[in-house]
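J.: Here's a structure for you.
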Amino acid sequence: NTSRADPAAVTATDGLWSADKSTYLGAWHAHIEAVLQDSDLVEICDHARAEPRKAVLEEQPWSAEPAPAPPARSEARQAIAEQRVQVREALARRRAVVSSEPRDGPCRHVELRLDEARLARIEADVKRRFAEKSTPAMPLRETRLREMAAAGILAFLRGNELFDKGDPLSALAYYEAAAAEPPLQPFIHLNRGNAYHALWRPTEAAACYEACLDENPPLKEQQRHVHSLALLNLGTVREAEGELQRAMQLYSAALALNPRCHLAAKRRGHLHMNNAERLKAAGVAAAVPPQHEMALNQFARALEVDWQLPSVFRAGGVPLRLETRTGAHGYDIFHLSANMAYLEGGGADQAAASRG
């Protein structure tokens with residue numbers, strides 16, 4: 001309220017906005033001080049602030065209503081009994097409605113009755129089948145054992161079982177016995193080399209892979225395929241030994257014989273990536289991009305192969321399925337398995353044809 005200010009002070013501020021700003025602000029500061037020193041104005045302001053403060057101080061504190069007392073034990077029992085009576089009455093009304101519905105209507109209530117005799121027969125049949133499969137004296141059906149013995153693959157299957165269970169040393173003994181079977185001779189060296197590879201005996205593993213190369217000269221399509229598998233596995237041994245140039249040559253030879261040898265393309269890509277790392281560490285930065293480009297080309301080539309499709313060889317009358325395993329140092333290698341349905345027929349002519 002400027003009506004209580006000094007008129008001379010207000011008049012003194014006229015026209016100061018165009019003059020020095022500090023002088024103008026100083027005049028208004030003096031004007032505000034004069035207003036604050038007015039005793040009447042201060043008393044009015046104090047009274048305005050004191051009224052709400054007094055109302056707050058005189059306000060009664062809030063108090064919650066007392067909680068009701070818990071019901072007595074007899075009352076609680078009576079309430080529970082009343083609820084049970086209501087539930088029984090509701091169930092009785094439901095039974096009355098169900099019994100009054102027509103049986104031949106769209107909604108039929110069928111009473112479930114279990115045939116105890118039939119359940120007993122099913123249980124006895126399940127026990128008989130389980131006992132037939134789990135008897136220690138005969139873990140397989142006799143007919144299946146005769147088929148495997150006639151095909152000469154019992155030792156081969158047992159060796160594969162031990163190899164997959166992580167016992168390559170015991171698997172070697174069965175592979176040695178399986179090598180005496182003529183139909184398996186061209187293929188058994190590959191799995192024997194894998195067992196030595198798992199034990200990390202590179203000299204013996206390389207000798208087995210080279211024996212597989214000798215048994216499968218690249219003359220026919222199946223022989224070229226098996227030849228490429230042995231080259232790939234031998235290349236992993238050389239790569240683990242540090243002979244990277246020799247490994248690259250073996251991978252290239254495997255791809256030349258079998259363009260669908262996806263593991264060879266994958267290993268070549270890894271070799272190019274390793275070469276790029278070594279060149280970068282040596283300070284030859286200009287040679288790194290070409291190595292990366294060749295690695296990507298090899299990886300793309302491996303991805304173009306439908307490796308998940310089954311690949312089967314014929315060893316006489318026995319089909320051998322191509323699979324992959326992880327050897328020493330984490331390298332993927334090719335492995336042969338005979339865990340497929342036995343094909344009837346075959347004999348000396350088919351065995352000779354598979355070897356030829």
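Following the order of the structure tokens, chains are lettered A, B, ..., residues in each are numbered from 1, and ligands are numbered from 1.
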Please return, as a list of chain:residue names, all residues of segment 136-350 of chain A that DSSP assigns to strand (DSSP E) on the basis of the backbone.
T.: A:Val312, A:Phe313, A:Arg314, A:Ala315, A:Val318, A:Pro319, A:Leu320, A:Arg321, A:Leu322, A:Glu323, A:Thr324, A:Arg325, A:Thr326, A:Asp332, A:Ile333, A:Phe334, A:His335, A:Leu336, A:Ser337
J.: Please provide the set of residues having any atom within 10 Å of Tyr251 of chain A, restricted to only C-alpha atoms, with same-chain residues fewer than 6 positions apart removed, written as a count of residues only.
T.: 16
J.: Got a sec: who's within 12 Å of Ala178 of chain A, counting only C-alpha atoms, leaving out chain neighbours fewer than 4 positions off, as a compact mmCIF listing (two decimals) with all heavy atoms, in the first residue's frame?
T.:
# COMPACT_ATOMS: atom_id res chain seq x y z
N MET A 148 22.52 -108.06 -35.26
CA MET A 148 23.79 -107.34 -35.09
C MET A 148 24.98 -108.27 -35.19
O MET A 148 26.02 -107.93 -35.77
CB MET A 148 23.79 -106.63 -33.73
CG MET A 148 22.78 -105.52 -33.61
SD MET A 148 22.82 -104.75 -31.96
CE MET A 148 21.55 -103.49 -32.17
N ALA A 149 24.85 -109.48 -34.63
CA ALA A 149 25.96 -110.43 -34.71
C ALA A 149 26.18 -110.87 -36.15
O ALA A 149 27.33 -111.02 -36.61
CB ALA A 149 25.67 -111.64 -33.82
N ALA A 151 25.59 -109.12 -38.79
CA ALA A 151 26.18 -107.99 -39.54
C ALA A 151 27.58 -107.66 -39.08
O ALA A 151 28.29 -106.90 -39.74
CB ALA A 151 25.29 -106.75 -39.39
N GLY A 152 28.00 -108.20 -37.93
CA GLY A 152 29.35 -107.93 -37.45
C GLY A 152 29.53 -106.54 -36.89
O GLY A 152 30.63 -105.98 -37.00
N ILE A 153 28.50 -105.97 -36.29
CA ILE A 153 28.60 -104.59 -35.80
C ILE A 153 28.42 -104.51 -34.29
O ILE A 153 28.28 -103.41 -33.74
CB ILE A 153 27.55 -103.68 -36.48
CG1 ILE A 153 26.14 -104.20 -36.20
CG2 ILE A 153 27.81 -103.59 -37.96
CD1 ILE A 153 25.05 -103.24 -36.68
N LEU A 154 28.39 -105.65 -33.60
CA LEU A 154 28.23 -105.60 -32.15
C LEU A 154 29.38 -104.84 -31.49
O LEU A 154 29.17 -103.97 -30.64
CB LEU A 154 28.13 -107.02 -31.58
CG LEU A 154 26.75 -107.69 -31.65
CD1 LEU A 154 26.85 -109.13 -31.16
CD2 LEU A 154 25.74 -106.92 -30.84
N ALA A 155 30.61 -105.17 -31.86
CA ALA A 155 31.77 -104.49 -31.28
C ALA A 155 31.79 -103.02 -31.68
O ALA A 155 32.16 -102.15 -30.86
CB ALA A 155 33.06 -105.18 -31.72
N PHE A 156 31.38 -102.71 -32.91
CA PHE A 156 31.36 -101.33 -33.36
C PHE A 156 30.35 -100.50 -32.55
O PHE A 156 30.64 -99.38 -32.12
CB PHE A 156 31.01 -101.30 -34.85
CG PHE A 156 30.95 -99.92 -35.44
CD1 PHE A 156 32.11 -99.20 -35.67
CD2 PHE A 156 29.74 -99.33 -35.76
CE1 PHE A 156 32.06 -97.92 -36.21
CE2 PHE A 156 29.68 -98.07 -36.30
CZ PHE A 156 30.85 -97.36 -36.52
N LEU A 157 29.17 -101.07 -32.32
CA LEU A 157 28.16 -100.35 -31.55
C LEU A 157 28.60 -100.16 -30.10
O LEU A 157 28.37 -99.10 -29.51
CB LEU A 157 26.84 -101.12 -31.60
CG LEU A 157 26.13 -101.16 -32.95
CD1 LEU A 157 24.90 -102.04 -32.87
CD2 LEU A 157 25.75 -99.77 -33.40
N ARG A 158 29.22 -101.18 -29.53
CA ARG A 158 29.69 -101.06 -28.15
C ARG A 158 30.80 -100.02 -28.04
O ARG A 158 30.85 -99.24 -27.07
CB ARG A 158 30.19 -102.42 -27.66
CG ARG A 158 30.70 -102.42 -26.23
CD ARG A 158 29.67 -101.96 -25.25
NE ARG A 158 30.16 -102.02 -23.87
CZ ARG A 158 29.59 -101.42 -22.85
NH1 ARG A 158 28.49 -100.70 -23.02
NH2 ARG A 158 30.08 -101.53 -21.63
N GLY A 159 31.68 -99.97 -29.03
CA GLY A 159 32.72 -98.95 -29.02
C GLY A 159 32.14 -97.54 -29.11
O GLY A 159 32.59 -96.63 -28.40
N ASN A 160 31.12 -97.36 -29.95
CA ASN A 160 30.49 -96.05 -30.04
C ASN A 160 29.80 -95.68 -28.73
O ASN A 160 29.82 -94.51 -28.31
CB ASN A 160 29.47 -96.05 -31.18
CG ASN A 160 30.12 -95.85 -32.54
OD1 ASN A 160 31.29 -95.49 -32.62
ND2 ASN A 160 29.36 -96.10 -33.58
N ALA A 171 36.76 -97.78 -25.57
CA ALA A 171 36.19 -97.86 -26.91
C ALA A 171 37.22 -98.35 -27.92
O ALA A 171 36.86 -99.02 -28.90
CB ALA A 171 35.66 -96.49 -27.32
N LEU A 172 38.50 -98.05 -27.70
CA LEU A 172 39.53 -98.49 -28.63
C LEU A 172 39.58 -100.02 -28.73
O LEU A 172 39.79 -100.56 -29.83
CB LEU A 172 40.90 -97.96 -28.19
CG LEU A 172 41.19 -96.51 -28.53
CD1 LEU A 172 42.49 -96.06 -27.88
CD2 LEU A 172 41.27 -96.32 -30.04
N ALA A 173 39.39 -100.72 -27.61
CA ALA A 173 39.43 -102.19 -27.64
C ALA A 173 38.32 -102.74 -28.54
O ALA A 173 38.55 -103.68 -29.32
CB ALA A 173 39.31 -102.74 -26.23
N TYR A 174 37.14 -102.17 -28.46
CA TYR A 174 36.04 -102.64 -29.29
C TYR A 174 36.22 -102.23 -30.75
O TYR A 174 35.83 -102.96 -31.66
CB TYR A 174 34.72 -102.11 -28.75
CG TYR A 174 34.28 -102.81 -27.48
CD1 TYR A 174 34.61 -102.29 -26.24
CD2 TYR A 174 33.56 -103.99 -27.54
CE1 TYR A 174 34.22 -102.93 -25.07
CE2 TYR A 174 33.15 -104.64 -26.37
CZ TYR A 174 33.50 -104.10 -25.14
OH TYR A 174 33.11 -104.75 -23.98
N PRO A 182 35.14 -107.38 -42.34
CA PRO A 182 35.45 -106.80 -43.66
C PRO A 182 34.58 -105.61 -44.05
O PRO A 182 35.12 -104.62 -44.57
CB PRO A 182 35.25 -107.99 -44.61
CG PRO A 182 35.45 -109.19 -43.76
CD PRO A 182 34.92 -108.83 -42.40
N PRO A 183 33.26 -105.63 -43.80
CA PRO A 183 32.48 -104.45 -44.26
C PRO A 183 32.86 -103.16 -43.55
O PRO A 183 32.70 -102.07 -44.11
CB PRO A 183 31.03 -104.84 -43.95
CG PRO A 183 31.03 -106.32 -43.82
CD PRO A 183 32.37 -106.66 -43.26
N LEU A 184 33.35 -103.25 -42.31
CA LEU A 184 33.64 -102.04 -41.53
C LEU A 184 35.06 -101.54 -41.67
O LEU A 184 35.37 -100.45 -41.18
CB LEU A 184 33.34 -102.29 -40.05
CG LEU A 184 31.88 -102.56 -39.68
CD1 LEU A 184 31.77 -102.91 -38.20
CD2 LEU A 184 31.01 -101.35 -39.99
N GLN A 185 35.93 -102.33 -42.30
CA GLN A 185 37.34 -101.94 -42.37
C GLN A 185 37.58 -100.58 -43.01
O GLN A 185 38.41 -99.81 -42.54
CB GLN A 185 38.14 -103.03 -43.10
CG GLN A 185 38.36 -104.28 -42.27
CD GLN A 185 39.14 -105.34 -43.03
OE1 GLN A 185 39.49 -105.15 -44.19
NE2 GLN A 185 39.39 -106.46 -42.36
N PRO A 186 36.86 -100.22 -44.09
CA PRO A 186 37.13 -98.90 -44.68
C PRO A 186 36.69 -97.73 -43.79
O PRO A 186 37.08 -96.59 -44.04
CB PRO A 186 36.31 -98.92 -45.98
CG PRO A 186 36.04 -100.35 -46.25
CD PRO A 186 35.93 -100.99 -44.91
N PHE A 187 35.87 -97.99 -42.76
CA PHE A 187 35.29 -96.90 -41.98
C PHE A 187 35.76 -96.89 -40.53
O PHE A 187 35.71 -95.84 -39.89
CB PHE A 187 33.76 -97.01 -41.99
CG PHE A 187 33.15 -97.16 -43.35
CD1 PHE A 187 32.83 -98.41 -43.84
CD2 PHE A 187 32.92 -96.06 -44.14
CE1 PHE A 187 32.27 -98.56 -45.09
CE2 PHE A 187 32.35 -96.19 -45.39
CZ PHE A 187 32.03 -97.45 -45.87
N ILE A 188 36.19 -98.04 -40.01
CA ILE A 188 36.47 -98.13 -38.58
C ILE A 188 37.67 -97.28 -38.18
O ILE A 188 37.76 -96.81 -37.04
CB ILE A 188 36.69 -99.60 -38.17
CG1 ILE A 188 36.53 -99.78 -36.67
CG2 ILE A 188 38.04 -100.09 -38.65
CD1 ILE A 188 35.17 -99.49 -36.16
N HIS A 189 38.60 -97.03 -39.12
CA HIS A 189 39.78 -96.24 -38.78
C HIS A 189 39.42 -94.80 -38.41
O HIS A 189 40.14 -94.17 -37.63
CB HIS A 189 40.78 -96.25 -39.95
CG HIS A 189 41.29 -97.62 -40.29
ND1 HIS A 189 42.08 -98.35 -39.43
CD2 HIS A 189 41.10 -98.40 -41.38
CE1 HIS A 189 42.38 -99.52 -39.98
NE2 HIS A 189 41.79 -99.57 -41.17
N ASN A 191 36.75 -93.76 -36.68
CA ASN A 191 36.35 -93.72 -35.27
C ASN A 191 37.52 -94.05 -34.34
O ASN A 191 37.61 -93.52 -33.23
CB ASN A 191 35.20 -94.68 -35.04
CG ASN A 191 33.88 -94.17 -35.60
OD1 ASN A 191 33.88 -93.30 -36.46
ND2 ASN A 191 32.78 -94.71 -35.13
N ARG A 192 38.41 -94.94 -34.78
CA ARG A 192 39.59 -95.21 -33.97
C ARG A 192 40.44 -93.95 -33.82
O ARG A 192 40.94 -93.65 -32.72
CB ARG A 192 40.42 -96.33 -34.61
CG ARG A 192 39.81 -97.72 -34.50
CD ARG A 192 40.70 -98.74 -35.18
NE ARG A 192 42.01 -98.80 -34.54
CZ ARG A 192 43.16 -98.98 -35.20
NH1 ARG A 192 43.16 -99.08 -36.52
NH2 ARG A 192 44.29 -99.04 -34.55
J.: Measuring atom to atom with only C-alpha atoms, identify which of A:Ala198, A:Ala302, A:Leu190, A:Ala276 is nearest to Glu323 of chain A.
T.: A:Leu190
J.: Report, in Å with one decimal, the straight-line distance from atom CA of Gly283 of chain A to atom CA of Gly269 of chain A.
T.: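 Interatomic distance here is 21.4 Å.
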J.: Considering only C-alpha atoms, return as a ChimeraX atom specification whatever protein or nucleic-acid residues lie within 7 Å of Ala338 of chain A, sequence-local ones (same chain, fewer than 6 positions apart) excluded.
T.: /A:157,319-321
